[in-house]
$ cat work.txt   # compact mmCIF, C-alpha atoms (C1' of nucleotides)
# COMPACT_ATOMS: atom_id res chain seq x y z
CA MET A 1 120.15 58.77 124.65
CA ALA A 2 123.15 56.53 124.37
CA ALA A 3 124.48 54.42 127.18
CA ALA A 4 127.98 55.66 126.60
CA PRO A 5 129.33 59.15 127.15
CA THR A 6 129.19 61.30 124.06
CA PRO A 7 132.67 62.13 122.81
CA PRO A 8 133.68 65.76 122.84
CA THR A 9 131.88 67.49 120.03
CA PRO A 10 132.78 71.12 119.44
CA LYS A 11 129.51 71.67 117.64
CA ARG A 12 127.42 70.78 120.69
CA PRO A 13 128.64 72.33 123.88
CA GLY A 14 126.54 72.35 127.00
CA LYS A 15 124.69 69.64 128.80
CA PRO A 16 124.04 66.37 127.03
CA LYS A 17 120.37 66.50 126.16
CA PRO A 18 118.40 63.29 125.95
CA ARG A 19 117.41 62.72 122.37
CA ARG A 20 114.09 61.49 121.27
CA ILE A 21 113.48 59.33 118.32
CA ARG A 22 110.17 60.17 116.73
CA PRO A 23 108.76 57.26 114.87
CA THR A 24 105.72 58.28 112.97
CA GLY A 25 104.19 54.85 113.31
CA ASP A 26 101.76 53.97 116.03
CA THR A 27 104.12 51.56 117.76
CA PRO A 28 106.11 53.13 120.57
CA PRO A 29 109.86 52.71 120.15
CA PRO A 30 111.77 50.18 122.19
CA SER A 31 114.14 51.43 124.86
CA PRO A 32 116.65 53.52 122.90
CA VAL A 33 119.62 52.44 124.99
CA ARG A 34 119.01 48.74 124.58
CA HIS A 35 117.94 49.18 121.03
CA TYR A 36 121.10 51.04 120.04
CA ALA A 37 123.23 48.25 121.47
CA ASP A 38 121.22 45.60 119.67
CA PHE A 39 121.31 47.57 116.45
CA THR A 40 125.05 48.20 116.49
CA ALA A 41 125.85 44.65 117.50
CA ALA A 42 123.72 43.21 114.71
CA LEU A 43 125.18 45.55 112.15
CA LEU A 44 128.76 44.90 113.23
CA ALA A 45 128.22 41.16 113.05
CA TRP A 46 126.66 41.46 109.63
CA PHE A 47 129.47 43.66 108.36
CA GLN A 48 132.07 41.13 109.43
CA THR A 49 130.59 38.55 107.13
CA GLY A 50 129.05 40.63 104.37
CA ALA A 51 131.46 43.48 103.70
CA ARG A 52 132.69 44.00 100.18
CA ASP A 53 136.39 43.73 99.56
CA LEU A 54 136.99 47.31 98.44
CA PRO A 55 140.58 48.39 97.77
CA TRP A 56 140.54 51.24 100.27
CA ARG A 57 139.40 48.81 102.95
CA ARG A 58 142.75 47.08 102.71
CA THR A 59 144.56 50.04 104.21
CA ARG A 60 144.39 52.28 107.23
CA ASP A 61 146.45 54.99 105.60
CA PRO A 62 144.44 58.15 106.28
CA TYR A 63 145.68 59.70 103.05
CA ALA A 64 144.40 56.76 101.04
CA ILE A 65 141.07 56.87 102.85
CA TRP A 66 140.82 60.62 102.36
CA VAL A 67 141.36 60.21 98.62
CA SER A 68 138.71 57.50 98.49
CA GLU A 69 136.18 59.59 100.41
CA ILE A 70 136.63 62.60 98.15
CA MET A 71 136.28 60.44 95.05
CA LEU A 72 133.20 58.75 96.48
CA GLN A 73 131.33 62.02 96.95
CA GLN A 74 128.27 61.67 94.75
CA THR A 75 130.05 58.96 92.82
CA GLN A 76 129.43 55.24 92.79
CA VAL A 77 131.87 52.71 94.18
CA LYS A 78 132.30 50.85 90.91
CA THR A 79 133.21 54.06 89.14
CA VAL A 80 135.72 55.10 91.77
CA ILE A 81 137.72 51.88 92.08
CA PRO A 82 139.92 52.25 88.95
CA TYR A 83 140.42 55.96 89.59
CA TRP A 84 141.52 55.32 93.15
CA GLU A 85 143.93 52.59 92.07
CA ARG A 86 145.54 54.84 89.47
CA TRP A 87 145.68 57.78 91.81
CA MET A 88 147.38 55.83 94.61
CA GLN A 89 149.85 54.39 92.15
CA HIS A 90 150.89 57.80 90.86
CA LEU A 91 150.41 59.94 93.97
CA PRO A 92 150.85 57.60 96.96
CA THR A 93 151.48 60.26 99.62
CA PRO A 94 150.38 63.79 100.54
CA GLY A 95 153.89 64.91 99.63
CA ALA A 96 153.65 63.45 96.16
CA LEU A 97 150.26 65.06 95.63
CA ALA A 98 151.39 68.42 96.95
CA ALA A 99 154.32 68.42 94.52
CA ALA A 100 152.41 67.15 91.50
CA ALA A 101 151.70 69.27 88.45
CA PRO A 102 148.06 70.35 88.27
CA GLU A 103 147.92 68.66 84.86
CA THR A 104 148.70 65.35 86.55
CA VAL A 105 145.82 65.84 88.95
CA HIS A 106 143.48 66.77 86.11
CA LYS A 107 144.48 63.73 84.12
CA LEU A 108 144.00 61.35 87.03
CA TRP A 109 140.57 62.88 87.62
CA GLU A 110 139.48 63.03 83.99
CA GLY A 111 136.00 61.55 83.55
CA LEU A 112 135.21 61.42 87.27
CA GLY A 113 133.34 64.73 87.31
CA TYR A 114 133.07 67.50 89.90
CA TYR A 115 136.58 68.51 89.01
CA SER A 116 136.98 70.96 91.86
CA ARG A 117 137.31 67.89 94.08
CA GLY A 118 140.64 67.04 92.52
CA ARG A 119 141.90 70.59 92.83
CA ARG A 120 140.86 70.81 96.47
CA LEU A 121 142.50 67.47 97.17
CA GLN A 122 145.79 68.93 96.03
CA GLU A 123 145.18 72.10 98.03
CA GLY A 124 144.56 69.88 101.04
CA ALA A 125 147.79 67.99 100.45
CA ARG A 126 149.64 71.29 100.51
CA VAL A 127 147.94 72.20 103.78
CA ILE A 128 149.11 68.87 105.19
CA GLN A 129 152.65 69.62 104.07
CA THR A 130 152.80 73.16 105.36
CA GLU A 131 150.65 73.00 108.48
CA HIS A 132 150.95 69.39 109.61
CA GLY A 133 154.51 68.51 108.67
CA GLY A 134 153.38 66.09 105.98
CA VAL A 135 151.48 63.96 108.50
CA PHE A 136 147.75 63.53 108.01
CA PRO A 137 146.07 65.21 111.01
CA HIS A 138 144.26 63.10 113.61
CA ASP A 139 142.43 66.07 115.05
CA PHE A 140 138.83 66.26 113.87
CA ALA A 141 138.79 70.02 113.55
CA ALA A 142 141.96 69.89 111.47
CA ILE A 143 140.49 67.24 109.19
CA LEU A 144 137.31 69.27 108.80
CA ALA A 145 139.38 72.32 107.91
CA LEU A 146 140.87 70.65 104.85
CA PRO A 147 139.44 72.07 101.63
CA GLY A 148 136.71 69.92 100.16
CA VAL A 149 136.16 68.14 103.47
CA GLY A 150 132.78 68.74 105.05
CA ARG A 151 130.94 67.26 107.98
CA TYR A 152 130.39 63.89 106.38
CA THR A 153 133.89 63.41 104.98
CA ALA A 154 135.59 64.55 108.18
CA GLY A 155 133.53 62.04 110.15
CA ALA A 156 134.30 59.31 107.67
CA ILE A 157 138.05 59.88 107.81
CA ALA A 158 138.13 60.27 111.59
CA SER A 159 136.15 57.10 112.12
CA ILE A 160 137.39 54.87 109.32
CA ALA A 161 141.08 55.77 109.48
CA PHE A 162 141.46 56.64 113.16
CA ASN A 163 138.54 54.75 114.72
CA GLN A 164 137.23 57.88 116.38
CA PRO A 165 133.52 57.65 117.30
CA ARG A 166 132.48 60.43 114.94
CA PRO A 167 129.15 60.25 113.15
CA ILE A 168 128.65 60.13 109.41
CA LEU A 169 125.53 60.97 107.45
CA ASP A 170 125.46 60.35 103.73
CA GLY A 171 122.74 59.24 101.38
CA ASN A 172 123.03 55.64 102.52
CA VAL A 173 122.92 56.46 106.22
CA ILE A 174 120.00 58.83 105.76
CA ARG A 175 118.06 56.05 104.08
CA VAL A 176 118.91 53.40 106.68
CA LEU A 177 118.14 55.60 109.68
CA ALA A 178 115.04 57.22 108.22
CA ARG A 179 113.58 53.80 107.54
CA HIS A 180 114.75 52.01 110.64
CA TYR A 181 113.56 54.74 113.00
CA GLY A 182 110.60 55.86 110.89
CA ILE A 183 111.84 59.41 110.52
CA ALA A 184 109.58 61.31 108.16
CA GLY A 185 110.14 64.74 106.67
CA ASN A 186 112.76 66.04 104.29
CA PRO A 187 116.09 64.68 105.53
CA ARG A 188 117.82 67.76 104.15
CA ALA A 189 115.67 70.15 106.17
CA ARG A 190 117.45 71.50 109.20
CA ALA A 191 115.49 69.88 112.03
CA VAL A 192 115.25 66.44 110.45
CA ASN A 193 118.87 66.58 109.38
CA GLU A 194 120.07 67.36 112.90
CA THR A 195 117.92 64.55 114.28
CA LEU A 196 119.65 62.17 111.91
CA TRP A 197 123.11 63.44 112.82
CA SER A 198 122.32 63.02 116.53
CA LEU A 199 121.14 59.52 115.89
CA ALA A 200 124.28 58.70 113.93
CA GLN A 201 126.35 60.11 116.79
CA ASP A 202 124.57 58.05 119.44
CA LEU A 203 124.87 54.89 117.40
CA VAL A 204 128.58 55.16 116.67
CA THR A 205 129.18 56.03 120.31
CA THR A 206 127.28 52.95 121.37
CA ALA A 207 129.16 50.84 118.87
CA ALA A 208 132.48 52.00 120.27
CA THR A 209 131.77 51.30 123.92
CA ALA A 210 133.46 48.82 126.21
CA SER A 211 132.61 45.37 124.94
CA ALA A 212 132.90 46.41 121.34
CA PRO A 213 135.18 44.59 118.92
CA PRO A 214 138.42 46.24 117.83
CA ARG A 215 137.99 49.26 115.56
CA ALA A 216 134.24 49.21 116.14
CA ALA A 217 133.66 52.87 115.28
CA SER A 218 135.36 52.35 111.96
CA ALA A 219 133.51 49.13 111.24
CA PHE A 220 130.13 50.40 112.37
CA ASN A 221 130.12 53.51 110.20
CA GLN A 222 131.15 51.47 107.21
CA ALA A 223 128.49 48.92 108.09
CA LEU A 224 125.81 51.60 108.06
CA MET A 225 126.81 52.66 104.56
CA GLU A 226 127.25 49.09 103.42
CA LEU A 227 123.75 48.22 104.54
CA GLY A 228 122.39 51.18 102.61
CA ALA A 229 124.38 50.24 99.53
CA LEU A 230 123.64 46.49 99.49
CA VAL A 231 120.41 45.86 101.40
CA CYS A 232 118.52 49.01 102.34
CA THR A 233 118.65 50.30 98.78
CA PRO A 234 116.55 53.09 97.27
CA ARG A 235 114.59 50.72 95.06
CA GLN A 236 113.66 47.14 95.84
CA PRO A 237 115.32 46.95 99.25
CA GLN A 238 116.25 43.44 100.35
CA CYS A 239 114.36 43.48 103.64
CA PRO A 240 114.28 39.70 104.12
CA SER A 241 118.08 39.62 104.32
CA CYS A 242 118.42 42.70 106.52
CA PRO A 243 120.21 42.03 109.82
CA VAL A 244 118.08 44.62 111.66
CA ARG A 245 114.73 44.01 109.98
CA ALA A 246 113.00 42.92 113.19
CA ALA A 247 113.18 46.41 114.71
CA CYS A 248 112.72 48.40 111.51
CA VAL A 249 109.87 50.92 111.93
CA ALA A 250 109.38 51.41 108.21
CA ARG A 251 109.01 47.69 107.72
CA ARG A 252 106.63 47.28 110.66
CA THR A 253 104.49 50.12 109.38
CA ASN A 254 104.79 49.13 105.74
CA ARG A 255 106.36 52.43 104.70
CA VAL A 256 109.72 51.30 103.35
CA GLY A 257 108.81 52.72 99.97
CA GLU A 258 107.94 56.13 101.40
CA LEU A 259 111.06 56.69 103.48
CA PRO A 260 113.15 58.68 103.38
CA ALA A 261 111.07 61.54 102.01
CA THR A 262 112.37 62.77 98.67
CA PRO A 263 111.63 66.40 97.88
CA PRO A 264 110.89 67.13 94.23
CA ARG A 265 113.94 67.78 92.09
CA PRO A 266 114.36 70.84 89.95
CA GLU A 267 113.10 70.24 86.47
CA ALA A 268 115.65 69.35 83.83
CA THR A 269 116.57 72.08 81.38
CA LYS A 270 117.60 71.38 77.81
CA ARG A 271 120.63 73.17 76.42
CA TRP A 272 122.32 73.08 73.03
CA PHE A 273 125.99 73.56 72.27
CA VAL A 274 127.79 73.56 68.95
CA ALA A 275 131.48 72.75 68.76
CA VAL A 276 133.71 73.31 65.77
CA ILE A 277 137.03 71.50 65.66
CA PRO A 278 139.48 73.30 63.39
CA GLU A 279 141.93 70.93 61.73
CA TRP A 280 145.20 71.90 60.09
CA ALA A 281 148.22 69.77 59.18
CA GLY A 282 147.04 66.87 61.29
CA ARG A 283 146.46 69.04 64.31
CA TYR A 284 143.32 70.19 66.09
CA LEU A 285 142.55 73.42 67.85
CA VAL A 286 141.76 73.18 71.56
CA ARG A 287 141.45 75.75 74.30
CA ARG A 288 141.72 75.67 78.04
CA ARG A 289 138.74 76.49 80.20
CA PRO A 290 139.25 79.51 82.43
CA GLU A 291 140.01 79.24 86.12
CA GLY A 292 137.13 79.86 88.44
CA GLY A 293 134.43 78.46 86.20
CA VAL A 294 132.94 75.10 85.34
CA ASN A 295 135.56 72.50 84.46
CA ALA A 296 138.30 74.98 85.30
CA GLY A 297 141.66 74.15 83.76
CA LEU A 298 140.33 71.37 81.54
CA TRP A 299 140.58 71.49 77.76
CA GLU A 300 137.78 71.67 75.22
CA PHE A 301 137.13 72.28 71.55
CA PRO A 302 135.86 75.70 70.50
CA ASN A 303 132.13 75.80 71.15
CA LEU A 304 129.17 78.04 71.81
CA GLU A 305 125.81 77.64 73.44
CA PHE A 306 122.71 78.40 71.40
CA THR A 307 119.26 79.16 72.65
CA GLY A 308 115.84 79.12 71.11
CA ALA A 309 115.32 78.47 67.42
CA ALA A 310 118.98 79.15 66.59
CA ALA A 311 119.95 76.05 68.54
CA THR A 312 118.63 73.34 66.29
CA SER A 313 119.10 75.21 63.03
CA THR A 314 122.72 76.09 63.73
CA GLY A 315 123.39 72.60 64.95
CA ALA A 316 122.21 71.23 61.64
CA ASP A 317 124.15 73.67 59.46
CA PRO A 318 127.95 73.16 59.64
CA VAL A 319 128.73 76.39 57.82
CA ALA A 320 126.56 78.49 60.09
CA ALA A 321 127.99 76.71 63.10
CA ALA A 322 131.57 77.32 62.03
CA ARG A 323 130.83 80.95 61.37
CA ALA A 324 129.21 81.39 64.74
CA VAL A 325 131.93 79.65 66.69
CA LEU A 326 135.07 80.69 64.78
CA GLY A 327 133.96 83.90 63.11
CA PRO A 328 134.07 84.61 59.37
CA VAL A 329 137.06 82.43 58.53
CA PRO A 330 137.18 80.24 55.41
CA CYS A 331 136.99 76.58 56.26
CA ALA A 332 135.34 73.33 55.18
CA PRO A 333 133.15 72.20 58.06
CA THR A 334 131.67 68.70 58.03
CA PRO A 335 129.50 67.03 60.66
CA LEU A 336 131.50 64.94 63.10
CA ALA A 337 129.25 63.75 65.91
CA THR A 338 126.43 64.61 68.27
CA VAL A 339 126.94 63.89 71.93
CA ARG A 340 124.24 63.91 74.57
CA HIS A 341 125.14 64.25 78.19
CA SER A 342 123.76 65.47 81.48
CA ILE A 343 125.32 68.02 83.79
CA THR A 344 123.41 68.28 87.04
CA ARG A 345 119.97 69.46 85.99
CA TYR A 346 120.92 70.24 82.40
CA ARG A 347 120.37 67.94 79.46
CA ILE A 348 122.93 68.96 76.91
CA THR A 349 123.13 68.20 73.23
CA LEU A 350 126.58 68.91 71.81
CA THR A 351 126.83 68.91 68.03
CA ALA A 352 130.36 68.95 66.63
CA HIS A 353 131.85 69.63 63.20
CA ARG A 354 135.35 69.21 61.81
CA ALA A 355 136.57 72.31 60.01
CA VAL A 356 139.66 71.93 57.84
CA VAL A 357 141.27 75.34 57.56
CA THR A 358 143.85 76.85 55.24
CA ASP A 359 147.41 77.76 56.18
CA ALA A 360 146.43 81.41 56.26
CA VAL A 361 143.58 80.77 58.67
CA ALA A 362 145.78 78.60 60.84
CA ALA A 363 148.41 81.29 60.91
CA ALA A 364 145.83 83.83 61.97
CA ALA A 365 145.23 84.01 65.66
CA LEU A 366 142.44 81.54 66.23
CA PRO A 367 141.90 81.36 69.96
CA GLY A 368 143.48 78.16 71.23
CA GLU A 369 146.38 75.80 70.63
CA TRP A 370 147.08 73.26 67.89
CA ARG A 371 147.59 69.71 69.09
CA THR A 372 148.18 66.35 67.44
CA PRO A 373 145.98 63.40 68.38
CA ALA A 374 148.79 62.03 70.53
CA GLU A 375 149.01 65.33 72.33
CA LEU A 376 145.26 65.46 72.79
CA ALA A 377 145.50 62.13 74.54
CA ALA A 378 147.70 63.68 77.20
CA LEU A 379 145.31 66.56 77.89
CA SER A 380 142.28 66.40 80.18
CA PHE A 381 138.78 66.98 78.81
CA PRO A 382 135.30 66.92 80.25
CA SER A 383 133.61 63.71 79.18
CA ALA A 384 131.58 65.23 76.35
CA HIS A 385 134.68 66.63 74.68
CA ARG A 386 136.68 63.50 75.35
CA LYS A 387 134.00 61.67 73.38
CA LEU A 388 134.59 64.06 70.50
CA CYS A 389 138.30 63.19 70.61
CA ASP A 390 137.34 59.57 70.13
CA ARG A 391 135.43 60.48 66.98
CA LEU A 392 138.33 62.22 65.28
CA PRO A 393 140.03 60.45 62.34
CA HIS A 394 142.88 59.38 64.59
CA PRO A 395 141.31 58.91 67.99
CA ALA A 396 143.38 60.13 70.88
CA ARG A 397 143.07 57.71 73.72
CA PRO A 398 143.70 58.86 77.25
CA THR A 399 146.94 57.61 78.69
CA VAL A 400 147.83 57.74 82.33
C1' DC B 1 118.31 77.57 102.63
C1' DA B 2 118.82 77.08 97.50
C1' DT B 3 121.75 76.33 93.87
C1' DC B 4 125.57 74.68 91.48
C1' DC B 5 128.98 71.32 90.31
C1' DG B 6 129.89 65.90 86.16
C1' DT B 7 129.35 61.47 85.40
C1' DG B 8 127.67 56.84 84.83
C1' DG B 9 124.94 52.88 86.60
C1' DA B 10 120.48 50.81 87.25
C1' DG B 11 115.82 49.96 86.23
C1' DT C 1 114.77 57.16 76.40
C1' DC C 2 114.07 58.84 80.86
C1' DT C 3 114.38 59.13 85.83
C1' DC C 4 116.66 58.58 89.98
C1' DC C 5 120.63 58.94 92.52
C1' DA C 6 125.45 57.74 94.18
C1' DA C 7 130.63 57.32 100.68
C1' DG C 8 128.67 65.91 99.45
C1' DG C 9 130.79 70.54 99.65
C1' DA C 10 131.05 75.37 98.72
C1' DT C 11 128.83 79.48 98.11
$ encode --input "work.txt" --output "structure tokens"
Amino acid sequence: MAAAPTPPTPKRPGKPKPRRIRPTGDTPPPSPVRHYADFTAALLAWFQTGARDLPWRRTRDPYAIWVSEIMLQQTQVKTVIPYWERWMQHLPTPGALAAAAPETVHKLWEGLGYYSRGRRLQEGARVIQTEHGGVFPHDFAAILALPGVGRYTAGAIASIAFNQPRPILDGNVIRVLARHYGIAGNPRARAVNETLWSLAQDLVTTAATASAPPRAASAFNQALMELGALVCTPRQPQCPSCPVRAACVARRTNRVGELPATPPRPEATKRWFVAVIPEWAGRYLVRRRPEGGVNAGLWEFPNLEFTGAAATSTGADPVAAARAVLGPVPCAPTPLATVRHSITRYRITLTAHRAVVTDAVAAAALPGEWRTPAELAALSFPSAHRKLCDRLPHPARPTV
DNA sequence: CATCCGTGGAG
DNA sequence: TCTCCAAGGAT
């Protein structure tokens, strides 16, 4: 139980219930109240000296922080930095994003993955325009109501941008808290997950109380994640340099390597795709992926998935591949490239062929649109197909 | 509660 | 090459 009053939390009405930390070690926990204060103070002090200079830490603009948080979902900091810089340069305000062409959003997101994030970001910007007068909402419930914003992201924006003592719980925080407090069990299972959220709430509340430094809620939540990213890492954690190592249950009980529990992942499934890139008069045929599906609105080269024995044999035979993908049209298919990539639990092999077609074939209604390499550069592709662009005779480089 | 959604870095 | 997983959310 925290020393400070818990801020109003719509999710937990009723009397404030004392919370119990359940270390699985044999050592009883120290007094929670005193420990929380020690923990938050140590982490805040460490963060002041050890924080990385990330671009979105140079601003308090809630829009900028929102964009960063959406980009950072399941995506590493190093990957996000250039995307965030470009995005903020082109779409610096909710108004600019709300008014942007969807193609602009796609292009700025190209290669980042989970493309629905970009679409929902724009939907959110339109909500801000229409329901909040173009001003990013301070109210937690309003932030949480934005599309693509869940419990974690809402807490991150509320705390980081507005210094509200809202908890966050991401992969980093799960790891730090599970180890520090010796919390066993699957952190994604309901009971364990709620224990972790409660702990995160108590800690940020403690951090934000009276004698705290300015913007302590903001700093503390970032410090939790920073510790998980730099010190309390999944593999080879740097315990000797941890600012809270003395009270760490996992370290005292020699279970740093076992916490947090990691449930088995679904087994990877191999899949094979064959793409055929029709070429005519210096142009290539591309098609747009349908709305509502994977990679909605992005462009791709004509392709098909093959299963079983047909997969490898068709991938090796350009003529059979062209026939399967394009139908019985005369063309001269030649191998172009094979691209391997992973999509969630799928391990995909994409084999591509160039297929020069005659005027008559080009005039016939092949499904798609003819584009020059320069035009391809302006479109947005999933990474695998963007790689195919790069292998064409005149590579089309992305330009934003 | 389980599954899906993309990609790239690190070891 | 292969595995894990990274500032998760929606369905």
$ residues_around --input "work.txt" --residues "Val204 in chain A" --least-positions-apart "5" --cutoff "8 Å" --atoms "all atoms listed in the file" --output "list in words"
Thr40, Pro165, Arg166, Pro167, Ala217, Phe220 and Asn221 of chain A
$ closest_residue --input "work.txt" --among "A:Leu144, A:Arg86, A:Pro367, A:Pro264" --to "DC4 in chain C" --atoms "all atoms listed in the file"
A:Pro264
$ residues_around --input "work.txt" --residues "DA7 in chain C" --least-positions-apart "4" --cutoff "7 Å" --atoms "all atoms listed in the file" --output "PyMOL selection string"
chain A and resi 69+72-73+170
$ residues_around --input "work.txt" --residues "Ala364 in chain A" --least-positions-apart "3" --cutoff "12 Å" --atoms "all atoms listed in the file" --output "PyMOL selection string"
chain A and resi 326-327+329-330+357-361+367-369
$ atom_distance --input "work.txt" --atom1 "CA of Pro55 in chain A" --atom2 "CA of Ile81 in chain A"
7.3 Å
$ residues_near_point --input "work.txt" --point "(123.3, 56.4, 95.0)" --cutoff "9 Å" --atoms "all atoms listed in the file" --output "PyMOL selection string"
(chain A and resi 74-76+171-172+229+233-234) or (chain C and resi 4-6)
$ interface_residues --input "work.txt" --of "chain B" --to "chain A" --cutoff "6 Å" --atoms "only C-alpha atoms (C1' of nucleotides)" --output "PDB file with C-alpha atoms (C1' of nucleotides), in the frame of the given file"
ATOM      1  C1'  DC B   5     128.980  71.320  90.310  1.00  0.00           C
ATOM      2  C1'  DG B   6     129.890  65.900  86.160  1.00  0.00           C
ATOM      3  C1'  DT B   7     129.350  61.470  85.400  1.00  0.00           C
TER       4       DT B   7
END
$ atom_distance --input "work.txt" --atom1 "CA of Ile70 in chain A" --atom2 "CA of Pro82 in chain A"
14.2 Å
$ atom_distance --input "work.txt" --atom1 "CA of Arg283 in chain A" --atom2 "CA of Ala100 in chain A"
27.9 Å
$ closest_residue --input "work.txt" --among "A:Ala101, A:Ile183, A:Ala268, A:Leu259" --to "chain C" --atoms "all atoms listed in the file"
A:Ala268
$ closest_residue --input "work.txt" --among "A:Ala184, A:Ala207, A:Leu224, A:Ala64" --to "chain C" --atoms "all atoms listed in the file"
A:Leu224
$ axis_aligned_box --input "work.txt" --around "chain C" --padding-each-side "5 Å" --output "lines of an AutoDock Vina configuration file"
center_x = 122.6
center_y = 68.3
center_z = 88.5
size_x = 27.0
size_y = 32.3
size_z = 34.3
$ residues_near_point --input "work.txt" --point "(113.4, 54.9, 106.1)" --cutoff "12 Å" --atoms "only C-alpha atoms (C1' of nucleotides)" --output "PDB file with C-alpha atoms, keeping the file's coordinate frame"
ATOM      1  CA  PRO A  23     108.760  57.260 114.870  1.00  0.00           C
ATOM      2  CA  THR A  24     105.720  58.280 112.970  1.00  0.00           C
ATOM      3  CA  GLY A  25     104.190  54.850 113.310  1.00  0.00           C
ATOM      4  CA  GLY A 171     122.740  59.240 101.380  1.00  0.00           C
ATOM      5  CA  ASN A 172     123.030  55.640 102.520  1.00  0.00           C
ATOM      6  CA  VAL A 173     122.920  56.460 106.220  1.00  0.00           C
ATOM      7  CA  ILE A 174     120.000  58.830 105.760  1.00  0.00           C
ATOM      8  CA  ARG A 175     118.060  56.050 104.080  1.00  0.00           C
ATOM      9  CA  VAL A 176     118.910  53.400 106.680  1.00  0.00           C
ATOM     10  CA  LEU A 177     118.140  55.600 109.680  1.00  0.00           C
ATOM     11  CA  ALA A 178     115.040  57.220 108.220  1.00  0.00           C
ATOM     12  CA  ARG A 179     113.580  53.800 107.540  1.00  0.00           C
ATOM     13  CA  HIS A 180     114.750  52.010 110.640  1.00  0.00           C
ATOM     14  CA  TYR A 181     113.560  54.740 113.000  1.00  0.00           C
ATOM     15  CA  GLY A 182     110.600  55.860 110.890  1.00  0.00           C
ATOM     16  CA  ILE A 183     111.840  59.410 110.520  1.00  0.00           C
ATOM     17  CA  ALA A 184     109.580  61.310 108.160  1.00  0.00           C
ATOM     18  CA  GLY A 185     110.140  64.740 106.670  1.00  0.00           C
ATOM     19  CA  ASN A 186     112.760  66.040 104.290  1.00  0.00           C
ATOM     20  CA  PRO A 187     116.090  64.680 105.530  1.00  0.00           C
ATOM     21  CA  LEU A 196     119.650  62.170 111.910  1.00  0.00           C
ATOM     22  CA  GLY A 228     122.390  51.180 102.610  1.00  0.00           C
ATOM     23  CA  CYS A 232     118.520  49.010 102.340  1.00  0.00           C
ATOM     24  CA  THR A 233     118.650  50.300  98.780  1.00  0.00           C
ATOM     25  CA  PRO A 234     116.550  53.090  97.270  1.00  0.00           C
ATOM     26  CA  ARG A 235     114.590  50.720  95.060  1.00  0.00           C
ATOM     27  CA  PRO A 237     115.320  46.950  99.250  1.00  0.00           C
ATOM     28  CA  CYS A 239     114.360  43.480 103.640  1.00  0.00           C
ATOM     29  CA  ARG A 245     114.730  44.010 109.980  1.00  0.00           C
ATOM     30  CA  CYS A 248     112.720  48.400 111.510  1.00  0.00           C
ATOM     31  CA  VAL A 249     109.870  50.920 111.930  1.00  0.00           C
ATOM     32  CA  ALA A 250     109.380  51.410 108.210  1.00  0.00           C
ATOM     33  CA  ARG A 251     109.010  47.690 107.720  1.00  0.00           C
ATOM     34  CA  ARG A 252     106.630  47.280 110.660  1.00  0.00           C
ATOM     35  CA  THR A 253     104.490  50.120 109.380  1.00  0.00           C
ATOM     36  CA  ASN A 254     104.790  49.130 105.740  1.00  0.00           C
ATOM     37  CA  ARG A 255     106.360  52.430 104.700  1.00  0.00           C
ATOM     38  CA  VAL A 256     109.720  51.300 103.350  1.00  0.00           C
ATOM     39  CA  GLY A 257     108.810  52.720  99.970  1.00  0.00           C
ATOM     40  CA  GLU A 258     107.940  56.130 101.400  1.00  0.00           C
ATOM     41  CA  LEU A 259     111.060  56.690 103.480  1.00  0.00           C
ATOM     42  CA  PRO A 260     113.150  58.680 103.380  1.00  0.00           C
ATOM     43  CA  ALA A 261     111.070  61.540 102.010  1.00  0.00           C
ATOM     44  CA  THR A 262     112.370  62.770  98.670  1.00  0.00           C
TER      45      THR A 262
END
$ closest_residue --input "work.txt" --among "A:Gln222, A:Thr130, A:Thr206, A:Thr351" --to "chain C" --atoms "only C-alpha atoms (C1' of nucleotides)"
A:Gln222
$ residues_around --input "work.txt" --residues "DT11 in chain C" --least-positions-apart "2" --cutoff "12 Å" --atoms "all atoms listed in the file" --output "list in words"
DC1, DA2, DT3, DC4 and DC5 of chain B; DG9 of chain C
